[in-house]
Each structure stands twice: as C-alpha cells, then as structure tokens.
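The data block below is coords29.cif; it holds mmCIF, C-alpha atoms.
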data_structure
loop_
_atom_site.group_PDB
_atom_site.id
_atom_site.type_symbol
_atom_site.label_atom_id
_atom_site.label_comp_id
_atom_site.auth_asym_id
_atom_site.auth_seq_id
_atom_site.Cartn_x
_atom_site.Cartn_y
_atom_site.Cartn_z
ATOM 1 C CA MET U 1 38.562 145.199 218.399
ATOM 2 C CA PRO U 2 38.702 148.983 217.953
ATOM 3 C CA LEU U 3 41.023 151.526 219.467
ATOM 4 C CA PHE U 4 39.445 153.483 222.314
ATOM 5 C CA ILE U 5 39.868 157.082 223.439
ATOM 6 C CA GLN U 6 38.323 157.901 226.822
ATOM 7 C CA SER U 7 36.347 154.634 226.538
ATOM 8 C CA ARG U 8 34.868 155.740 223.206
ATOM 9 C CA GLU U 9 35.559 153.799 220.048
ATOM 10 C CA LEU U 10 37.813 155.628 217.595
ATOM 11 C CA GLY U 11 36.199 155.733 214.179
ATOM 12 C CA ARG U 12 37.900 156.249 210.871
ATOM 13 C CA ILE U 13 40.404 159.113 210.975
ATOM 14 C CA ARG U 14 41.513 160.761 207.716
ATOM 15 C CA SER U 15 44.102 163.104 209.205
ATOM 16 C CA THR U 16 45.870 163.871 212.453
ATOM 17 C CA GLU U 17 44.230 167.290 212.349
ATOM 18 C CA GLU U 18 40.829 165.551 212.460
ATOM 19 C CA LEU U 19 41.971 163.346 215.345
ATOM 20 C CA PHE U 20 42.988 166.275 217.526
ATOM 21 C CA SER U 21 39.896 168.234 216.558
ATOM 22 C CA LYS U 22 37.602 165.397 217.637
ATOM 23 C CA TYR U 23 39.511 164.716 220.848
ATOM 24 C CA PRO U 24 40.780 168.050 222.212
ATOM 25 C CA HIS U 25 41.931 166.424 225.456
ATOM 26 C CA LEU U 26 44.610 164.645 223.404
ATOM 27 C CA GLN U 27 45.907 168.074 222.388
ATOM 28 C CA GLU U 28 46.074 169.223 225.981
ATOM 29 C CA HIS U 29 47.768 166.035 227.097
ATOM 30 C CA ALA U 30 50.300 166.350 224.246
ATOM 31 C CA ARG U 31 51.083 169.962 225.156
ATOM 32 C CA THR U 32 51.637 168.936 228.758
ATOM 33 C CA PHE U 33 53.793 165.975 227.729
ATOM 34 C CA ARG U 34 56.079 167.911 225.392
ATOM 35 C CA SER U 35 56.583 170.674 227.984
ATOM 36 C CA ARG U 36 57.967 168.267 230.548
ATOM 37 C CA PRO U 37 61.714 168.486 231.260
ATOM 38 C CA LEU U 38 63.986 166.099 229.402
ATOM 39 C CA VAL U 39 65.274 163.278 231.620
ATOM 40 C CA GLU U 40 68.792 161.979 230.982
ATOM 41 C CA VAL U 41 68.498 158.266 231.744
ATOM 42 C CA ASP U 42 71.175 156.457 233.732
ATOM 43 C CA PRO U 43 72.688 153.787 231.449
ATOM 44 C CA LYS U 44 72.902 151.365 234.371
ATOM 45 C CA CYS U 45 69.129 150.966 234.488
ATOM 46 C CA LEU U 46 68.453 151.406 230.761
ATOM 47 C CA LEU U 47 67.503 149.096 227.924
ATOM 48 C CA TYR U 48 68.017 151.166 224.770
ATOM 49 C CA VAL U 49 66.000 150.476 221.626
ATOM 50 C CA GLN U 50 67.273 151.545 218.213
ATOM 51 C CA GLN U 51 65.334 152.161 214.997
ATOM 52 C CA ARG U 52 63.405 149.064 213.858
ATOM 53 C CA GLU U 53 63.793 147.387 217.239
ATOM 54 C CA PHE U 54 61.460 146.666 220.121
ATOM 55 C CA ALA U 55 61.860 145.368 223.660
ATOM 56 C CA THR U 56 59.361 144.072 226.207
ATOM 57 C CA THR U 57 59.604 143.359 229.917
ATOM 58 C CA THR U 58 57.640 143.570 233.164
ATOM 59 C CA SER U 59 57.891 145.450 236.440
ATOM 60 C CA ALA U 60 59.524 142.356 237.968
ATOM 61 C CA ASP U 61 62.643 142.780 235.814
ATOM 62 C CA GLU U 62 65.745 142.914 238.044
ATOM 63 C CA TYR U 63 68.003 144.316 235.323
ATOM 64 C CA VAL U 64 65.968 146.998 233.547
ATOM 65 C CA SER U 65 64.049 149.927 235.010
ATOM 66 C CA VAL U 66 63.661 152.029 231.852
ATOM 67 C CA ILE U 67 63.226 151.125 228.193
ATOM 68 C CA GLY U 68 64.052 154.077 225.964
ATOM 69 C CA SER U 69 64.706 155.291 222.448
ATOM 70 C CA ASP U 70 65.450 158.598 220.740
ATOM 71 C CA ASP U 71 66.645 160.237 217.502
ATOM 72 C CA ALA U 72 63.080 159.971 216.141
ATOM 73 C CA THR U 73 62.221 162.630 213.554
ATOM 74 C CA THR U 74 59.588 161.220 211.195
ATOM 75 C CA CYS U 75 59.818 157.917 213.098
ATOM 76 C CA HIS U 76 57.309 157.197 215.860
ATOM 77 C CA LEU U 77 58.033 155.763 219.309
ATOM 78 C CA VAL U 78 55.344 153.337 220.430
ATOM 79 C CA VAL U 79 54.728 152.190 224.004
ATOM 80 C CA LEU U 80 52.120 149.542 224.752
ATOM 81 C CA ARG U 81 51.554 148.551 228.370
ATOM 82 C CA HIS U 82 49.160 146.227 230.163
ATOM 83 C CA THR U 83 48.045 147.747 233.456
ATOM 84 C CA GLY U 84 47.394 144.372 235.075
ATOM 85 C CA SER U 85 50.648 142.584 234.350
ATOM 86 C CA GLY U 86 52.815 145.685 234.136
ATOM 87 C CA ALA U 87 54.266 144.319 230.881
ATOM 88 C CA ALA U 88 55.526 147.153 228.695
ATOM 89 C CA CYS U 89 56.897 147.255 225.167
ATOM 90 C CA LEU U 90 58.698 150.124 223.455
ATOM 91 C CA ALA U 91 59.212 150.078 219.684
ATOM 92 C CA HIS U 92 60.944 152.493 217.302
ATOM 93 C CA CYS U 93 58.857 152.430 214.100
ATOM 94 C CA ASP U 94 59.938 154.009 210.815
ATOM 95 C CA GLY U 95 57.102 152.917 208.553
ATOM 96 C CA SER U 96 58.892 150.021 206.904
ATOM 97 C CA ARG U 97 56.306 147.355 207.797
ATOM 98 C CA THR U 98 53.911 149.028 210.195
ATOM 99 C CA TRP U 99 51.087 146.496 210.132
ATOM 100 C CA SER U 100 53.246 143.487 210.937
ATOM 101 C CA GLU U 101 55.257 145.501 213.475
ATOM 102 C CA VAL U 102 52.143 146.467 215.431
ATOM 103 C CA GLN U 103 51.158 142.798 215.540
ATOM 104 C CA LEU U 104 54.561 141.967 217.036
ATOM 105 C CA ILE U 105 54.176 144.687 219.675
ATOM 106 C CA VAL U 106 50.719 143.545 220.748
ATOM 107 C CA LYS U 107 51.732 139.878 220.778
ATOM 108 C CA ALA U 108 54.799 140.639 222.918
ATOM 109 C CA VAL U 109 52.777 142.406 225.626
ATOM 110 C CA ALA U 110 49.873 139.954 225.466
ATOM 111 C CA SER U 111 52.206 136.974 225.924
ATOM 112 C CA LEU U 112 53.360 138.425 229.268
ATOM 113 C CA SER U 113 49.802 139.314 230.350
ATOM 114 C CA ASN U 114 47.681 136.257 229.548
ATOM 115 C CA VAL U 115 47.333 135.084 233.139
ATOM 116 C CA PHE U 116 46.073 138.473 234.325
ATOM 117 C CA LYS U 117 42.295 138.881 234.187
ATOM 118 C CA ASP U 118 42.345 142.492 235.388
ATOM 119 C CA GLY U 119 43.876 145.437 233.573
ATOM 120 C CA ARG U 120 43.820 146.827 230.061
ATOM 121 C CA PHE U 121 46.158 147.647 227.174
ATOM 122 C CA GLU U 122 47.231 151.300 227.107
ATOM 123 C CA LEU U 123 48.947 152.920 224.139
ATOM 124 C CA HIS U 124 51.328 155.889 224.056
ATOM 125 C CA LEU U 125 52.479 157.394 220.741
ATOM 126 C CA VAL U 126 55.211 160.023 220.424
ATOM 127 C CA GLY U 127 57.044 161.237 217.342
ATOM 128 C CA GLY U 128 56.880 162.834 213.946
ATOM 129 C CA PHE U 129 56.386 166.493 213.036
ATOM 130 C CA ASN U 130 54.998 168.594 210.179
ATOM 131 C CA ASP U 131 57.576 167.586 207.578
ATOM 132 C CA ASP U 132 57.170 168.793 203.992
ATOM 133 C CA ALA U 133 56.719 165.286 202.575
ATOM 134 C CA ARG U 134 54.074 164.475 205.220
ATOM 135 C CA THR U 135 55.984 161.282 206.002
ATOM 136 C CA SER U 136 55.154 161.711 209.691
ATOM 137 C CA HIS U 137 51.470 162.227 208.958
ATOM 138 C CA LYS U 138 51.264 159.054 206.870
ATOM 139 C CA LEU U 139 53.019 157.012 209.558
ATOM 140 C CA SER U 140 50.746 158.404 212.284
ATOM 141 C CA LEU U 141 47.641 157.291 210.389
ATOM 142 C CA SER U 142 49.173 153.914 209.532
ATOM 143 C CA ILE U 143 50.010 153.153 213.167
ATOM 144 C CA LEU U 144 46.564 154.199 214.386
ATOM 145 C CA ALA U 145 44.873 152.091 211.698
ATOM 146 C CA ALA U 146 47.017 149.063 212.554
ATOM 147 C CA PHE U 147 46.110 149.242 216.241
ATOM 148 C CA GLN U 148 42.437 149.549 215.316
ATOM 149 C CA LYS U 149 42.658 146.142 213.616
ATOM 150 C CA GLN U 150 43.985 144.245 216.644
ATOM 151 C CA GLU U 151 41.888 141.703 218.534
ATOM 152 C CA GLN U 152 42.485 143.315 221.913
ATOM 153 C CA ASP U 153 40.772 146.466 223.184
ATOM 154 C CA ILE U 154 43.507 149.114 223.259
ATOM 155 C CA HIS U 155 43.163 152.502 224.943
ATOM 156 C CA LEU U 156 45.046 155.470 223.508
ATOM 157 C CA GLU U 157 46.422 157.490 226.427
ATOM 158 C CA THR U 158 49.212 159.650 224.971
ATOM 159 C CA CYS U 159 49.252 160.984 221.412
ATOM 160 C CA CYS U 160 52.071 163.502 221.012
ATOM 161 C CA ILE U 161 52.502 162.973 217.267
ATOM 162 C CA THR U 162 53.029 164.991 214.090
ATOM 163 C CA ASP U 163 50.990 168.235 214.523
ATOM 164 C CA MET U 164 51.273 168.141 218.309
ATOM 165 C CA ASN U 165 55.005 167.331 218.279
ATOM 166 C CA ASP U 166 55.944 170.152 215.917
ATOM 167 C CA THR U 167 57.899 173.326 216.516
ATOM 168 C CA VAL U 168 59.386 175.910 214.150
ATOM 169 C CA GLU U 169 62.931 177.207 214.587
ATOM 170 C CA ASN U 170 64.194 179.829 212.134
ATOM 171 C CA GLY U 171 61.435 178.859 209.724
ATOM 172 C CA ILE U 172 62.285 175.131 209.910
ATOM 173 C CA HIS U 173 59.846 172.548 211.279
ATOM 174 C CA LYS U 174 61.317 170.108 213.815
ATOM 175 C CA PRO U 175 60.035 167.667 216.449
ATOM 176 C CA VAL U 176 59.705 168.921 220.002
ATOM 177 C CA VAL U 177 60.319 165.489 221.532
ATOM 178 C CA TYR U 178 62.935 163.261 219.895
ATOM 179 C CA GLY U 179 63.130 160.567 222.574
ATOM 180 C CA ILE U 180 61.148 158.936 225.347
ATOM 181 C CA GLY U 181 61.553 156.451 228.149
ATOM 182 C CA VAL U 182 59.043 154.205 229.876
ATOM 183 C CA ASN U 183 59.596 153.334 233.519
ATOM 184 C CA VAL U 184 58.735 149.631 233.624
ATOM 185 C CA LYS U 185 58.179 149.758 237.384
ATOM 186 C CA THR U 186 55.547 152.515 237.311
ATOM 187 C CA GLY U 187 54.414 152.724 233.683
ATOM 188 C CA GLU U 188 55.349 156.409 233.448
ATOM 189 C CA VAL U 189 56.244 157.602 229.923
ATOM 190 C CA PHE U 190 58.459 160.709 229.734
ATOM 191 C CA PRO U 191 60.657 162.743 227.341
ATOM 192 C CA ALA U 192 64.199 161.443 227.598
ATOM 193 C CA SER U 193 67.749 161.509 226.286
ATOM 194 C CA PHE U 194 70.385 158.808 226.476
ATOM 195 C CA PRO U 195 74.145 159.382 226.822
ATOM 196 C CA GLN U 196 74.777 155.703 226.004
ATOM 197 C CA LYS U 197 72.959 153.597 223.409
ATOM 198 C CA GLY U 198 74.530 150.184 223.718
ATOM 199 C CA PRO U 199 75.238 147.426 223.824
ATOM 200 C CA ALA U 200 76.648 146.760 220.333
ATOM 201 C CA GLU U 201 75.409 150.110 219.048
ATOM 202 C CA GLU U 202 77.258 149.968 215.731
ATOM 203 C CA LEU U 203 76.282 146.356 214.965
ATOM 204 C CA ARG U 204 72.631 147.085 215.596
ATOM 205 C CA SER U 205 72.794 150.231 213.467
ATOM 206 C CA ALA U 206 74.451 148.232 210.685
ATOM 207 C CA ARG U 207 71.616 145.702 210.767
ATOM 208 C CA THR U 208 69.053 148.435 210.183
ATOM 209 C CA PHE U 209 71.193 150.317 207.645
ATOM 210 C CA THR U 210 71.475 147.178 205.510
ATOM 211 C CA GLY U 211 67.738 146.507 205.474
ATOM 212 C CA GLY U 212 67.076 144.505 208.622
ATOM 213 C CA GLN U 213 63.430 144.440 209.693
ATOM 214 C CA MET U 214 61.866 144.989 213.131
ATOM 215 C CA ALA U 215 63.694 142.870 215.719
ATOM 216 C CA ASP U 216 62.946 141.843 219.298
ATOM 217 C CA ILE U 217 66.165 142.559 221.196
ATOM 218 C CA TYR U 218 65.391 141.446 224.754
ATOM 219 C CA ASP U 219 64.865 138.140 226.540
ATOM 220 C CA SER U 220 63.062 139.269 229.689
ATOM 221 C CA ASP U 221 63.048 135.762 231.183
ATOM 222 C CA HIS U 222 66.849 135.812 231.461
ATOM 223 C CA GLY U 223 67.640 139.546 231.385
ATOM 224 C CA LEU U 224 69.601 139.285 228.139
ATOM 225 C CA VAL U 225 69.963 141.643 225.205
ATOM 226 C CA LYS U 226 69.866 139.401 222.158
ATOM 227 C CA ILE U 227 71.132 140.394 218.717
ATOM 228 C CA ASP U 228 70.176 137.743 216.207
ATOM 229 C CA PRO U 229 72.434 136.996 213.240
ATOM 230 C CA CYS U 230 72.053 139.445 210.394
ATOM 231 C CA LYS U 231 73.635 139.467 206.978
ATOM 232 C CA TRP U 232 74.905 142.015 204.502
ATOM 233 C CA SER U 233 76.745 141.756 201.211
ATOM 234 C CA PRO U 234 80.547 141.950 201.387
ATOM 235 C CA ASP U 235 80.431 143.906 198.120
ATOM 236 C CA MET U 236 78.348 146.846 199.323
ATOM 237 C CA ASP U 237 79.444 149.987 197.501
ATOM 238 C CA ILE U 238 79.150 152.356 200.446
ATOM 239 C CA ALA U 239 82.693 153.625 201.044
ATOM 240 C CA LEU U 240 82.024 156.637 198.811
ATOM 241 C CA TRP U 241 79.667 158.055 201.460
ATOM 242 C CA LEU U 242 82.617 158.642 203.781
ATOM 243 C CA SER U 243 83.985 161.284 201.421
ATOM 244 C CA GLN U 244 80.689 163.090 200.908
ATOM 245 C CA SER U 245 79.768 166.368 202.575
ATOM 246 C CA ASP U 246 77.483 166.470 205.577
ATOM 247 C CA ASP U 247 74.797 168.164 203.474
ATOM 248 C CA THR U 248 74.915 165.393 200.866
ATOM 249 C CA ILE U 249 74.598 162.669 203.497
ATOM 250 C CA LEU U 250 71.680 164.456 205.114
ATOM 251 C CA LYS U 251 69.861 165.019 201.827
ATOM 252 C CA CYS U 252 70.360 161.456 200.573
ATOM 253 C CA LEU U 253 70.148 159.334 203.717
ATOM 254 C CA SER U 254 67.559 161.105 205.857
ATOM 255 C CA THR U 255 63.785 161.442 205.566
ATOM 256 C CA SER U 256 64.066 164.810 207.330
ATOM 257 C CA PRO U 257 67.481 166.399 206.630
ATOM 258 C CA MET U 258 66.667 169.740 208.261
ATOM 259 C CA ALA U 259 65.403 168.173 211.482
ATOM 260 C CA GLU U 260 68.033 165.558 212.311
ATOM 261 C CA PRO U 261 69.937 165.765 215.620
ATOM 262 C CA PRO U 262 73.518 167.119 215.376
ATOM 263 C CA HIS U 263 75.148 163.679 215.591
ATOM 264 C CA PHE U 264 73.219 162.148 212.668
ATOM 265 C CA VAL U 265 76.010 162.389 210.077
ATOM 266 C CA GLN U 266 78.677 161.024 212.425
ATOM 267 C CA HIS U 267 76.329 158.162 213.333
ATOM 268 C CA ILE U 268 75.896 157.287 209.643
ATOM 269 C CA LYS U 269 79.654 157.412 209.024
ATOM 270 C CA SER U 270 80.393 155.248 212.072
ATOM 271 C CA THR U 271 77.867 152.685 210.865
ATOM 272 C CA ILE U 272 79.381 152.602 207.384
ATOM 273 C CA GLN U 273 82.884 152.258 208.845
ATOM 274 C CA PHE U 274 81.688 149.328 210.944
ATOM 275 C CA ILE U 275 80.221 147.555 207.905
ATOM 276 C CA LEU U 276 83.412 148.129 205.901
ATOM 277 C CA ALA U 277 85.500 146.786 208.796
ATOM 278 C CA HIS U 278 83.310 143.652 208.907
ATOM 279 C CA PRO U 279 82.527 142.782 205.272
ATOM 280 C CA ASN U 280 81.745 139.202 206.300
ATOM 281 C CA SER U 281 78.853 139.625 208.721
ATOM 282 C CA ASP U 282 78.927 135.900 209.521
ATOM 283 C CA SER U 283 82.175 136.470 211.434
ATOM 284 C CA LEU U 284 80.227 138.470 214.009
ATOM 285 C CA PHE U 285 78.000 135.482 214.809
ATOM 286 C CA PRO U 286 80.126 132.352 215.307
ATOM 287 C CA GLY U 287 78.060 129.256 214.627
ATOM 288 C CA ARG U 288 75.226 131.538 213.450
ATOM 289 C CA GLN U 289 74.391 132.115 217.114
ATOM 290 C CA PRO U 290 73.070 135.451 218.423
ATOM 291 C CA GLN U 291 75.227 137.853 220.360
ATOM 292 C CA LEU U 292 74.060 137.916 223.987
ATOM 293 C CA TYR U 293 74.685 140.606 226.598
ATOM 294 C CA HIS U 294 73.940 140.541 230.318
ATOM 295 C CA ARG U 295 74.067 143.232 232.991
ATOM 296 C CA ASN U 296 77.246 142.813 235.041
ATOM 297 C CA GLN U 297 77.777 143.800 238.674
ATOM 298 C CA SER U 298 78.867 147.285 237.608
ATOM 299 C CA GLY U 299 75.566 147.805 235.809
ATOM 300 C CA ASP U 300 77.057 147.675 232.309
ATOM 301 C CA TRP U 301 75.970 145.407 229.458
ATOM 302 C CA GLU U 302 78.681 142.782 228.991
ATOM 303 C CA ARG U 303 78.861 140.220 226.216
ATOM 304 C CA LEU U 304 78.407 136.578 227.128
ATOM 305 C CA VAL U 305 81.020 134.525 225.319
ATOM 306 C CA ARG U 306 80.138 130.911 224.660
ATOM 307 C CA SER U 307 82.847 128.392 225.396
#
Output the file's structure as structure tokens, nothing else.
Amino acid sequence: MPLFIQSRELGRIRSTEELFSKYPHLQEHARTFRSRPLVEVDPKCLLYVQQREFATTTSADEYVSVIGSDDATTCHLVVLRHTGSGAACLAHCDGSRTWSEVQLIVKAVASLSNVFKDGRFELHLVGGFNDDARTSHKLSLSILAAFQKQEQDIHLETCCITDMNDTVENGIHKPVVYGIGVNVKTGEVFPASFPQKGPAEELRSARTFTGGQMADIYDSDHGLVKIDPCKWSPDMDIALWLSQSDDTILKCLSTSPMAEPPHFVQHIKSTIQFILAHPNSDSLFPGRQPQLYHRNQSGDWERLVRS
C-alpha cells in the first residue's frame, strides 16, 4: 500500500525539494522539530541504537522508556510506531541495504501489533543534510520509496530530512539535528543527545566497521540487549589508520568529513583498537552464542554470563 501524507497518497517523488514543495506543512513541522531544545537522555531509561541497528519495543516495557540514536550526518534515523499497540521501532540507516532494512522495520512493529484492530502506522524520518555528493538526498528518496512499497498503510508524520535538516556554518553545510529519541510510553519523537551509548559500544561499532548488516539488538519479551555473533578477519590491515592524521581519517572513512561530530575520529580509532585487541572475533562469543545484557537494579546494562 502507498505512503500517506495527511491521508493523501504520496505519488512518485523525484527530489526532496519536490516533496517539501508539494507538502508545505512538512516544512513547517520540520522547522518546528529542529528548533526544539536538545534533550540529554538519562542512560538508565535508554536503549541506544548504533549505525546499522534497530530496536523495537512497546509502551509496556519495564526496562526501556526511550530508544535513541545519534551521530547521523548523511545517515537517516527512522521511527515507525503503531498508535494502537504503542509498538515503536527506531533504526539507524546508512543506505547499505535500504529496501531490506525497511522490510525489517515494518515487520518488527507489525509483529507486536497484529492483535490490535485499531490504530495506524506512523513514520518519522530525521537526518541527512545538503552534502556535496547528495548522499543524503539519495538516501531520503530510497527510504521513502521503500516505505511506499510496503503492504501496510503508513502515514508520514515527521520529515526533517536533507533540505529541512540543513544549516550552514562558516560556509559549510551540516545537519541541524544529529540525534533523536522516541519515548516508547507516549510516542513522542524529539531531538536528543546521549552521554552513554552502551552496552558493548566498541563491539557493536566493530561489527558495523567490518561490514555487518542491519541487526535487531533488542528482545522486548525479556528486556535483553542481544548482540549476535559477528565475524571479522584476524588479518585485517587496519593498524595503519592509528598513525594517520585526523584529516586523513575524516576524508577516507566518512561520507561527510566536514560535518562529523567532534568525537568521530576518536570513535574510529577506539573501534580499530578494539578489533586489533580481539583479532579472533569468535572469542567474544563462546559457543557462538550472542552476548546478552539486562538492566540491573542500578539501571545499568549488565552482561548476563552463562554458566
């Protein structure tokens, strides 16, 4: 079924400029959204989603109040929520396999909403900017097209992407909003930052850095963060990056070197150091079992160790 905007079917869109021209209320909504104050989310209620990850839960979750993600430049942050069940999914999409990723997102929310006759699927898109390579623009169109091909009727509510998420500082284009959270209790989507990005931040970054595809990281039935076994070559020739300048790392390892957050280079180096310290990725997953984390009484994610 098609994607809907204000209960009208969205036709073929050739550019984000055309989208915002046809639906000026999306522009106004985006301006309002990006002007909202940034909320620093308490780690004790947070489920953090990294690049090429998604997580889904419902308002009944006892362990998670907010799903969030940030550090998105050309990447897009996607929230799909069913108003009847309260099931919400947040995904951090980078354009690697958009069509199959959108299918995973829709399936995840639908699987938690099947018994609810009332309600509808609502979509919120945030991310990208006017980058020179138009990487953001291409991803915006790809995501919109993928949602248009889904079986379910999906209603686009927030669209703060590319053109409408762009600002210019000292002649350099950058995103206005780099991160968002979704309150799973209320459905509110808001600009956000995250002082902590665990659990297992470096392992999860290593999975993506070495080519891992979109992964579901949360078991909402049991309140567990789940990191499935991943694999990388013990012979990866990546140590040389640690001796390169910040400018070289930005130019070679970023889709938007002038727009990255200040900690980007250190994040890349930490990820590389983690991979070098664990050349045999199998050692991180004894018995090829996933790493599992639960919320302890202090509100922190703590690893469950199998006996």
### Task
Work out how far CA of Thr210 (chain U) is from CA of Trp232 (chain U), in Å to one decimal.
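CA of Thr210 (chain U) lies at a distance of 6.3 Å from CA of Trp232 (chain U).
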### Query
By how many Å are CA of Tyr63 (chain U) and CA of Glu201 (chain U) apart?
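These atoms are spaced 18.8 Å apart.
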### Task
Apply the PyMOL selection byres ((chain U and resi 179) around 12) to the structure shown and report the selected residues as number ranges by chain.
U: 33-34, 37-41, 48-51, 67-79, 90-92, 125-128, 160, 165, 175-178, 180-182, 189-195, 261
### Result set of the PyMOL selection byres ((chain U and resi 135-143) around 8) on the coordinates above, as JSON, numbers by chain
{"U": [13, 14, 15, 16, 74, 75, 76, 94, 95, 98, 99, 102, 127, 128, 129, 130, 131, 132, 133, 134, 144, 145, 146, 147, 161, 162, 255]}
Resolved residues for the PyMOL selection byres ((chain U and resi 121) around 9) as an mmCIF file with C-alpha atoms, in the frame of the given file:
data_model
loop_
_atom_site.group_PDB
_atom_site.id
_atom_site.type_symbol
_atom_site.label_atom_id
_atom_site.label_comp_id
_atom_site.auth_asym_id
_atom_site.auth_seq_id
_atom_site.Cartn_x
_atom_site.Cartn_y
_atom_site.Cartn_z
ATOM 1 C CA LEU U 80 52.120 149.542 224.752
ATOM 2 C CA ARG U 81 51.554 148.551 228.370
ATOM 3 C CA HIS U 82 49.160 146.227 230.163
ATOM 4 C CA THR U 83 48.045 147.747 233.456
ATOM 5 C CA GLY U 84 47.394 144.372 235.075
ATOM 6 C CA VAL U 106 50.719 143.545 220.748
ATOM 7 C CA VAL U 109 52.777 142.406 225.626
ATOM 8 C CA ALA U 110 49.873 139.954 225.466
ATOM 9 C CA GLY U 119 43.876 145.437 233.573
ATOM 10 C CA ARG U 120 43.820 146.827 230.061
ATOM 11 C CA GLU U 122 47.231 151.300 227.107
ATOM 12 C CA LEU U 123 48.947 152.920 224.139
ATOM 13 C CA GLN U 152 42.485 143.315 221.913
ATOM 14 C CA ASP U 153 40.772 146.466 223.184
ATOM 15 C CA ILE U 154 43.507 149.114 223.259
ATOM 16 C CA HIS U 155 43.163 152.502 224.943
ATOM 17 C CA LEU U 156 45.046 155.470 223.508
#
Closest atom pairs, region 197-228 of chain U residues within 8 Å of region 266-274 of chain U, all atoms listed in the file, as CSV:
residue,atom,partner,partner_atom,distance
U:Glu202,CA,U:Thr271,CA,5.6
U:Leu203,CA,U:Phe274,CA,7.4
U:Ser205,CA,U:Thr271,CA,6.2
U:Ala206,CA,U:Thr271,CA,5.6
U:Phe209,CA,U:Thr271,CA,7.8
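CA of Gly187 (chain U) to CA of Asp300 (chain U) spans 23.2 Å [interatomic distance, one decimal].
Comparing U:Lys231, U:Arg36, U:His124, U:Lys107 by their smallest distance to Asn280 (chain U), the closest is U:Lys231 (using only C-alpha atoms).
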### Task
Kindly extract all protein, DNA and RNA residues lying within 9 Å of the coordinates (57.6, 147.0, 235.6) given in the file, considering all atoms listed in the file, and supply them as a list in words.
Thr57, Thr58, Ser59, Ala60, Asp61, Val64, Ser65, Val66, Ser85, Gly86, Ala87, Ala88, Asn183, Val184, Lys185, Thr186 and Gly187 of chain U
Could you turn the residues from that selection into a file that holds C-alpha atoms, as a PDB file, in the frame of the given file?
ATOM      1  CA  THR U  57      59.604 143.359 229.917  1.00  0.00           C
ATOM      2  CA  THR U  58      57.640 143.570 233.164  1.00  0.00           C
ATOM      3  CA  SER U  59      57.891 145.450 236.440  1.00  0.00           C
ATOM      4  CA  ALA U  60      59.524 142.356 237.968  1.00  0.00           C
ATOM      5  CA  ASP U  61      62.643 142.780 235.814  1.00  0.00           C
ATOM      6  CA  VAL U  64      65.968 146.998 233.547  1.00  0.00           C
ATOM      7  CA  SER U  65      64.049 149.927 235.010  1.00  0.00           C
ATOM      8  CA  VAL U  66      63.661 152.029 231.852  1.00  0.00           C
ATOM      9  CA  SER U  85      50.648 142.584 234.350  1.00  0.00           C
ATOM     10  CA  GLY U  86      52.815 145.685 234.136  1.00  0.00           C
ATOM     11  CA  ALA U  87      54.266 144.319 230.881  1.00  0.00           C
ATOM     12  CA  ALA U  88      55.526 147.153 228.695  1.00  0.00           C
ATOM     13  CA  ASN U 183      59.596 153.334 233.519  1.00  0.00           C
ATOM     14  CA  VAL U 184      58.735 149.631 233.624  1.00  0.00           C
ATOM     15  CA  LYS U 185      58.179 149.758 237.384  1.00  0.00           C
ATOM     16  CA  THR U 186      55.547 152.515 237.311  1.00  0.00           C
ATOM     17  CA  GLY U 187      54.414 152.724 233.683  1.00  0.00           C
TER      18      GLY U 187
END
## Note on the structure
Of U:Lys22, U:Ser35, U:Ile172, U:Ser96, the one nearest to Pro257 (chain U) when counting only C-alpha atoms is U:Ile172
